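To start, the structure under review is shown below, and the notes come after it.
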Amino acid sequence: MRRVVRAVVQAVRQAWRALGHVPATLLVLAALATAVMYCSNDLQDKEPAAPRGDGTYRPVMARGDGHMHFLITRSLVFDRDMNFDNDLARFGDPWRQPKTVTGRKNVMQQIGPSLVWAPVLALAHGAALVANLFGADIPTHGYTLFHQRILYGSSVLFAWLAIALGVFCAVRLVGGRWGPVIAGIAVLLGTSLTYYATYMPSYAHAMDAAACAGFLGYWLCTFQELRWRRYVILGVLLGVAAMVRVQDLGFGIVVAIEVVVVAWNLRARGESSRAWLRAAGGLVARGAVVLAIAILVHVPQFYEWKQLYGSWLTTPQGPGQMRYTTPLVLELLFSSRNGWFSTHPIAYLGTLGLVVGAISGPRLGPRTRITCVALLAAIAVQVYFNSITYEWWSGASFGQRRMCSVSLPLVIGLAVLMRECARIVGRRLPRVGPRVQYASAIVGFGYLVAWNLAWTGALRHGVPAGRDNRPTCCKDVPRPLRWIAQPIYDAIGNPFELPASGLFAARYGVSLQRWDVAVGMYPLVPGVLGYQDGSYRRATATWDLAGPGGAPYLLDGWSKSHRDATRQVKVWRWTRERVAEMMVPLLMPEPHQITVPIAANVADGESMEVVIRWNGSERIRTRVAAGWTSLQFVTDDRVGTGILAIESEPAPFRSPSRSDMPSIQPGVGAVGVAVGPLRIGLP
């Protein structure tokens, strides 16, 4: 133990000297800031004094998925088994988990984080027993603030480790001191990692960031070494990361890219075909070793799935959880609903920096270029995996929490971006020295960090996150930040939602701001376990485009919203043009059944021809009378925003003669048909 401590102290001293006193001090202060944030996150429950363990869900620091992670960890430490039914019964089952085919409660969270946390919880419990000898009176069931405070302090340490590895790799790859340090501070305080290391530490995303940083950091520092030992270690590190989140297995793509690059270089050297094939076979074998060991390390997860679901390999949420052919990439990156780039621009800039590094190879060197290409590929794989999850916005999440895994690539990308910007400024403005350049970077990144901390600060004490259909600017941020952002937003919307907002505006003929307020919400979303028990097929929803909240989804040809509680349909809109269109976003990749309440602007006893089209394809052509009727059609199986068009013949308004007819204020002019809230389900 003494030898380990001595080695750690020596490594810290070397890092301090390598970074320099001022950059290292700033990095330490940023790390201490996250520690202070974590310590300020105390118990804020409705019944803080109530005892835990009576069957009621009363969270302490572990909430939501974190509650489940803690129960798994507690079962491993206290019960030494993988049967979590008694833990749910004792400490609360907030989602009323159903039984699986094995007769046990369905606990979807991976076991990897709990295997890491179990020794820490055991130490915390030992400390509680010692404290009780001196009269502390800490409950010994483990579900206490004392235990969880110690346990989740590890999330802060994991965040520090991820950033430290990122800064270390950036120094080796990009060079300099200030650039990597500023990049590390920006990622630590300007992304989702901030929240999940401090105010929601019971989620395993800080651990995920550290595990993936460990794999990527070792890969980068030993790049193109052919020792078999290296590939064994890479396999172990990749397996550990995949145990935290199974999608992290996709980081293995960096090894595949390295194998291809090394094989290409061997071929370029003029090796004979036989020698090249032999060398290429050895490289492929090394990559296979990495994959095989990673899968072997994953055995505990396979075993847990077998115990809970009766299968060695499964998707606990159900077969519809992953939609491999329908990734919603633009939504995941740019939507105001937890979009990765739109919510955390630091991630946008870090990814852009990797793009710059990938195309600036001659200046930065071939190793930097290949590394940037590989890290971009790793990010692309993670974006794909997260965008094919039906709940791509990650539920009640602060930004894209599942993208915390790419924290190290973001640090490197920001360092590359700053180096290239400094090169351009130095060439065109030679009088602007490095100090001014780095001061400018600190101011720019500082603004984005302040914005992130303002949002994070509102989520202290376990307040659930999530930005459902709320514009990213600018009412919920401090005024000094808003004064800068509001004019930009008024002109072009959120600039970090480009190019998605531009493509959306061009396609539908709307403003750039419309993407920010219209994309990300769906009328029909299956429940958490809807795909496991098949209940999603029975789900129905109402899409109230007729009400005031429907305005962002309306295109041309609609009147204002009208409401009358005495009518058969309480709220509606009139069509004002021959063709009126609305956007209807659909999430599930299968046909939906849409019911349209409709009434024509005709006298009693008359009718009007109405045509309903979906994405340009005619679905209904019929005649509609004055009273309310329902027209029903089935969509195609495309995911995303569909266009519902209603074609009718506008005519001067006639006052309603029956109580079930929609009314409108006089003087509105020509109208066609009245349309009420849509009802959506599956056929």
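By convention in this document, the chains of the structure tokens carry letters A, B, ... by their order, each chain's residues are numbered from 1, and ligands are numbered from 1 in the order they are shown.
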Report task. Write out as a list in words the residues lying within 10 Å of A:Phe78, counting only C-alpha atoms and excluding same-chain residues fewer than 5 positions away. Result -> Thr73, Ala118, Leu121, Ala122, His125, Thr140, His141 and Gly142 of chain A
Using N, CA and C atoms, can you write the selected residues to a file as an mmCIF file, in the first residue's frame?
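Wrote it out as part_26.cif, contents follow:
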```cif
data_model
loop_
_atom_site.group_PDB
_atom_site.id
_atom_site.type_symbol
_atom_site.label_atom_id
_atom_site.label_comp_id
_atom_site.auth_asym_id
_atom_site.auth_seq_id
_atom_site.Cartn_x
_atom_site.Cartn_y
_atom_site.Cartn_z
ATOM 1 N N THR A 73 -26.092 -3.150 -5.809
ATOM 2 C CA THR A 73 -24.852 -3.119 -5.029
ATOM 3 C C THR A 73 -25.093 -3.627 -3.614
ATOM 4 N N ALA A 118 -19.289 -2.216 -5.141
ATOM 5 C CA ALA A 118 -19.467 -3.118 -3.995
ATOM 6 C C ALA A 118 -18.348 -2.990 -2.958
ATOM 7 N N LEU A 121 -18.919 0.209 -0.983
ATOM 8 C CA LEU A 121 -20.038 0.103 -0.042
ATOM 9 C C LEU A 121 -19.646 -0.740 1.161
ATOM 10 N N ALA A 122 -18.866 -1.786 0.945
ATOM 11 C CA ALA A 122 -18.401 -2.608 2.072
ATOM 12 C C ALA A 122 -17.536 -1.779 3.022
ATOM 13 N N HIS A 125 -19.812 0.547 4.945
ATOM 14 C CA HIS A 125 -20.545 -0.150 6.004
ATOM 15 C C HIS A 125 -19.618 -0.450 7.183
ATOM 16 N N THR A 140 -28.068 -0.196 10.074
ATOM 17 C CA THR A 140 -27.132 -1.163 9.493
ATOM 18 C C THR A 140 -27.669 -1.847 8.240
ATOM 19 N N HIS A 141 -28.843 -1.408 7.751
ATOM 20 C CA HIS A 141 -29.344 -2.008 6.508
ATOM 21 C C HIS A 141 -28.645 -1.427 5.284
ATOM 22 N N GLY A 142 -27.909 -0.319 5.425
ATOM 23 C CA GLY A 142 -27.099 0.210 4.339
ATOM 24 C C GLY A 142 -27.729 1.318 3.530
#
```
Requested in this report: Go through stretch 72-117 of chain A and collect every residue that DSSP, computed from the backbone, puts in helix (DSSP H, G or I); the answer should be as a ChimeraX atom specification.
Outcome: /A:72-79,85-91,112-117
File dump, residues just selected, C-alpha atoms, as a PDB file, in the first residue's frame:
```pdb
ATOM      1  CA  ILE A  72     -27.994  -4.232  -6.871  1.00  0.00           C
ATOM      2  CA  THR A  73     -24.852  -3.119  -5.029  1.00  0.00           C
ATOM      3  CA  ARG A  74     -26.505  -3.607  -1.661  1.00  0.00           C
ATOM      4  CA  SER A  75     -27.646  -7.106  -2.622  1.00  0.00           C
ATOM      5  CA  LEU A  76     -24.108  -8.057  -3.645  1.00  0.00           C
ATOM      6  CA  VAL A  77     -22.616  -6.736  -0.383  1.00  0.00           C
ATOM      7  CA  PHE A  78     -25.287  -7.533   2.220  1.00  0.00           C
ATOM      8  CA  ASP A  79     -27.114 -10.544   0.729  1.00  0.00           C
ATOM      9  CA  ASP A  85     -36.829  -8.869  -5.046  1.00  0.00           C
ATOM     10  CA  ASN A  86     -36.304  -8.494  -1.301  1.00  0.00           C
ATOM     11  CA  ASP A  87     -34.372  -5.244  -1.789  1.00  0.00           C
ATOM     12  CA  LEU A  88     -37.180  -3.758  -3.896  1.00  0.00           C
ATOM     13  CA  ALA A  89     -39.765  -4.877  -1.359  1.00  0.00           C
ATOM     14  CA  ARG A  90     -37.834  -3.342   1.519  1.00  0.00           C
ATOM     15  CA  PHE A  91     -36.580  -0.065   0.055  1.00  0.00           C
ATOM     16  CA  GLY A 112     -20.938  -3.803 -13.856  1.00  0.00           C
ATOM     17  CA  PRO A 113     -21.239  -0.523 -11.905  1.00  0.00           C
ATOM     18  CA  SER A 114     -22.341  -2.449  -8.820  1.00  0.00           C
ATOM     19  CA  LEU A 115     -19.324  -4.746  -9.048  1.00  0.00           C
ATOM     20  CA  VAL A 116     -17.124  -1.646  -8.948  1.00  0.00           C
ATOM     21  CA  TRP A 117     -19.129  -0.002  -6.175  1.00  0.00           C
TER      22      TRP A 117
END
```
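Using only C-alpha atoms, the contacts of A:Ala454 at a cut-off of 9 Å, with sequence neighbours closer than 6 positions omitted, comprise A:Asp476, A:Val477, A:Pro478.
Candidate residues A:Asn452, A:Gln148, A:Ser407, A:Gln110 were compared for distance to A:Pro300, and the nearest is A:Gln110, using only C-alpha atoms.
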Query - Contacts of A:Trp614 at 9 Å (only C-alpha atoms; same-chain gap of 6+ positions) as a PyMOL selection string - result: chain A and resi 634-636+642-645
Could I get the residues of stretch 386-481 of chain A with an atom no further than 9 Å from an atom of stretch 177-193 of chain A, each paired with its nearest atom pair and that distance in Å to one decimal, using only C-alpha atoms, sorted by chain and residue number, as a tab-separated table?
```
residue	atom	partner	partner_atom	distance
A:Ser397	CA	A:Ser192	CA	8.9
A:Phe398	CA	A:Ser192	CA	6.1
A:Gly399	CA	A:Ser192	CA	5.9
A:Gln400	CA	A:Ser192	CA	6.8
A:Arg401	CA	A:Ser192	CA	5.8
A:Arg402	CA	A:Ser192	CA	8.9
A:Met403	CA	A:Ser192	CA	8.1
A:Cys404	CA	A:Leu193	CA	5.9
A:Ser407	CA	A:Val187	CA	6.8
A:Leu408	CA	A:Gly184	CA	8.6
A:Leu410	CA	A:Val187	CA	7.0
A:Val411	CA	A:Ala183	CA	5.1
A:Ile412	CA	A:Pro180	CA	7.2
A:Gly413	CA	A:Ala183	CA	8.2
A:Leu414	CA	A:Ala183	CA	5.3
A:Ala415	CA	A:Pro180	CA	5.1
A:Val416	CA	A:Gly179	CA	8.1
A:Leu417	CA	A:Gly179	CA	9.0
A:Met418	CA	A:Gly179	CA	6.3
A:Arg419	CA	A:Gly179	CA	7.0
A:Tyr438	CA	A:Trp178	CA	7.2
A:Ala441	CA	A:Ile182	CA	7.9
A:Ile442	CA	A:Ile182	CA	7.0
A:Phe445	CA	A:Ala186	CA	6.4
A:Gly446	CA	A:Ala186	CA	7.6
A:Leu448	CA	A:Gly190	CA	6.5
A:Val449	CA	A:Gly190	CA	4.4
A:Ala450	CA	A:Gly190	CA	7.7
A:Trp451	CA	A:Gly190	CA	8.0
A:Asn452	CA	A:Gly190	CA	5.4
A:Leu453	CA	A:Leu189	CA	7.1
A:Thr456	CA	A:Ser192	CA	8.8
```
Just C-alpha atoms for this one: save the residues we selected as an mmCIF file, in the first residue's frame.
```cif
data_model
loop_
_atom_site.group_PDB
_atom_site.id
_atom_site.type_symbol
_atom_site.label_atom_id
_atom_site.label_comp_id
_atom_site.auth_asym_id
_atom_site.auth_seq_id
_atom_site.Cartn_x
_atom_site.Cartn_y
_atom_site.Cartn_z
ATOM 1 C CA SER A 397 -31.579 13.368 -18.416
ATOM 2 C CA PHE A 398 -29.331 16.391 -18.250
ATOM 3 C CA GLY A 399 -28.214 16.519 -21.842
ATOM 4 C CA GLN A 400 -27.089 13.287 -23.459
ATOM 5 C CA ARG A 401 -25.905 11.502 -20.323
ATOM 6 C CA ARG A 402 -25.085 8.371 -22.307
ATOM 7 C CA MET A 403 -22.450 10.375 -24.205
ATOM 8 C CA CYS A 404 -20.371 10.952 -21.058
ATOM 9 C CA SER A 407 -15.216 12.701 -22.409
ATOM 10 C CA LEU A 408 -11.596 11.885 -23.275
ATOM 11 C CA LEU A 410 -13.685 15.768 -26.323
ATOM 12 C CA VAL A 411 -10.661 16.918 -24.315
ATOM 13 C CA ILE A 412 -8.357 15.970 -27.172
ATOM 14 C CA GLY A 413 -10.658 17.589 -29.739
ATOM 15 C CA LEU A 414 -10.767 20.886 -27.850
ATOM 16 C CA ALA A 415 -6.981 20.874 -27.489
ATOM 17 C CA VAL A 416 -6.572 20.316 -31.239
ATOM 18 C CA LEU A 417 -9.098 23.056 -32.006
ATOM 19 C CA MET A 418 -7.269 25.571 -29.816
ATOM 20 C CA ARG A 419 -3.913 24.670 -31.326
ATOM 21 C CA TYR A 438 -5.471 31.560 -24.303
ATOM 22 C CA ALA A 441 -10.207 30.782 -25.175
ATOM 23 C CA ILE A 442 -10.845 30.987 -21.438
ATOM 24 C CA PHE A 445 -15.250 28.476 -23.035
ATOM 25 C CA GLY A 446 -15.975 30.235 -19.737
ATOM 26 C CA LEU A 448 -20.332 28.058 -22.152
ATOM 27 C CA VAL A 449 -19.201 26.641 -18.814
ATOM 28 C CA ALA A 450 -21.154 29.343 -16.950
ATOM 29 C CA TRP A 451 -24.253 28.464 -18.994
ATOM 30 C CA ASN A 452 -23.845 24.789 -18.111
ATOM 31 C CA LEU A 453 -23.295 25.517 -14.422
ATOM 32 C CA THR A 456 -26.747 22.373 -13.358
#
```
Where does stretch 424-530 of chain A meet stretch 589-594 of chain A within 12 Å, residue by residue, with the nearest atom pair and distance in Å to one decimal for each, counting only C-alpha atoms, listed by chain and rising number, as a Markdown table?
```
| residue | atom | partner | partner_atom | distance |
| --- | --- | --- | --- | --- |
| A:Pro523 | CA | A:Ile594 | CA | 11.0 |
| A:Leu524 | CA | A:His592 | CA | 9.5 |
| A:Val525 | CA | A:Pro589 | CA | 11.6 |
```
Keeping N, CA and C atoms for every residue in the selection just given, could you write it to a file as a PDB file, in the first residue's frame?
```
ATOM      1  N   PRO A 523     -46.390  12.300 -29.834  1.00  0.00           N
ATOM      2  CA  PRO A 523     -47.664  12.057 -29.164  1.00  0.00           C
ATOM      3  C   PRO A 523     -47.757  10.677 -28.527  1.00  0.00           C
ATOM      4  N   LEU A 524     -47.088   9.706 -29.126  1.00  0.00           N
ATOM      5  CA  LEU A 524     -47.205   8.336 -28.636  1.00  0.00           C
ATOM      6  C   LEU A 524     -45.816   7.788 -28.331  1.00  0.00           C
ATOM      7  N   VAL A 525     -45.541   7.565 -27.036  1.00  0.00           N
ATOM      8  CA  VAL A 525     -44.252   7.047 -26.582  1.00  0.00           C
ATOM      9  C   VAL A 525     -44.525   5.842 -25.685  1.00  0.00           C
TER      10      VAL A 525
END
```
Report task. Do a neighbour search on A:Tyr203 at 10 Å with only C-alpha atoms, toss out local chain neighbours closer than 5 positions, and write the hits as a list in words. Result -> Ala62, Arg63, Gly64, Asp65, Gly66, His67, Met68, His69, Phe70, Pro113, Tyr152, Ser155, Tyr195, Tyr196, Ala197, Asp208 and Arg401 of chain A
Quick one: residues within 8 Å of stretch 214-223 of chain A, only C-alpha atoms counted, chain neighbours fewer than 5 positions away excluded, as a CSV table (one decimal) with N, CA and C atoms, in the first residue's frame?
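Written out: part_34.csv:
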```
chain,number,residue,atom,x,y,z
A,162,ALA,N,-11.2,10.6,-15.5
A,162,ALA,CA,-11.5,10.7,-17.0
A,162,ALA,C,-10.8,12.0,-17.5
A,165,LEU,N,-6.9,11.7,-17.5
A,165,LEU,CA,-6.4,10.9,-18.6
A,165,LEU,C,-6.5,11.7,-20.0
A,166,GLY,N,-7.6,12.5,-20.1
A,166,GLY,CA,-7.8,13.3,-21.3
A,166,GLY,C,-6.7,14.3,-21.4
A,169,CYS,N,-3.3,12.6,-22.3
A,169,CYS,CA,-3.3,12.2,-23.7
A,169,CYS,C,-3.2,13.4,-24.6
A,230,ARG,N,0.0,-6.0,-24.8
A,230,ARG,CA,-0.8,-4.8,-25.0
A,230,ARG,C,-2.3,-5.1,-25.3
A,234,LEU,N,-5.7,-4.3,-23.5
A,234,LEU,CA,-6.8,-3.6,-24.1
A,234,LEU,C,-8.1,-4.3,-24.0
A,237,LEU,N,-9.5,-3.8,-20.5
A,237,LEU,CA,-10.1,-2.5,-20.3
A,237,LEU,C,-11.4,-2.3,-21.1
A,238,LEU,N,-11.4,-2.8,-22.3
A,238,LEU,CA,-12.7,-2.7,-23.1
A,238,LEU,C,-13.8,-3.5,-22.4
A,241,ALA,N,-15.1,-1.5,-19.5
A,241,ALA,CA,-16.0,-0.4,-20.0
A,241,ALA,C,-17.3,-1.0,-20.4
A,251,PHE,N,-16.4,1.0,-28.6
A,251,PHE,CA,-15.1,1.7,-28.7
A,251,PHE,C,-14.0,0.8,-29.3
A,255,VAL,N,-9.4,0.0,-32.2
A,255,VAL,CA,-8.4,-1.0,-32.5
A,255,VAL,C,-8.5,-1.5,-33.9
A,258,GLU,N,-6.8,0.9,-36.1
A,258,GLU,CA,-5.4,0.8,-36.0
A,258,GLU,C,-4.9,-0.4,-36.8
A,371,THR,N,-5.3,9.3,-35.0
A,371,THR,CA,-6.0,9.2,-33.7
A,371,THR,C,-7.3,10.0,-33.8
A,408,LEU,N,-13.0,11.8,-22.9
A,408,LEU,CA,-11.6,11.9,-23.3
A,408,LEU,C,-11.5,12.4,-24.7
```
Query - Residue nearest A:Trp574 - candidates A:Gly672, A:Gly550, A:Pro480, A:Gly175, atoms counted: only C-alpha atoms - result: A:Gly672
Report task. Mind checking which residues fall within 8 Å of A:Val259, counting only C-alpha atoms, ignoring those fewer than 4 positions away in the same chain, and posting them as a list in words? Result -> Val255, Ala263, Leu283, Val284 and Gly287 of chain A
Please produce an output containing N, CA and C atoms for each residue in the selection, written as an mmCIF file, in the first residue's frame.
```cif
data_model
loop_
_atom_site.group_PDB
_atom_site.id
_atom_site.type_symbol
_atom_site.label_atom_id
_atom_site.label_comp_id
_atom_site.auth_asym_id
_atom_site.auth_seq_id
_atom_site.Cartn_x
_atom_site.Cartn_y
_atom_site.Cartn_z
ATOM 1 N N VAL A 255 -9.399 0.039 -32.240
ATOM 2 C CA VAL A 255 -8.429 -1.033 -32.475
ATOM 3 C C VAL A 255 -8.544 -1.523 -33.911
ATOM 4 N N ALA A 263 -1.684 -2.389 -41.196
ATOM 5 C CA ALA A 263 -1.616 -3.285 -42.350
ATOM 6 C C ALA A 263 -1.374 -2.498 -43.637
ATOM 7 N N LEU A 283 -2.105 -9.242 -37.166
ATOM 8 C CA LEU A 283 -2.831 -8.063 -36.691
ATOM 9 C C LEU A 283 -4.298 -8.388 -36.423
ATOM 10 N N VAL A 284 -4.910 -9.127 -37.340
ATOM 11 C CA VAL A 284 -6.308 -9.522 -37.137
ATOM 12 C C VAL A 284 -6.440 -10.391 -35.892
ATOM 13 N N GLY A 287 -6.480 -8.177 -32.886
ATOM 14 C CA GLY A 287 -7.788 -7.554 -32.703
ATOM 15 C C GLY A 287 -8.812 -8.537 -32.176
#
```
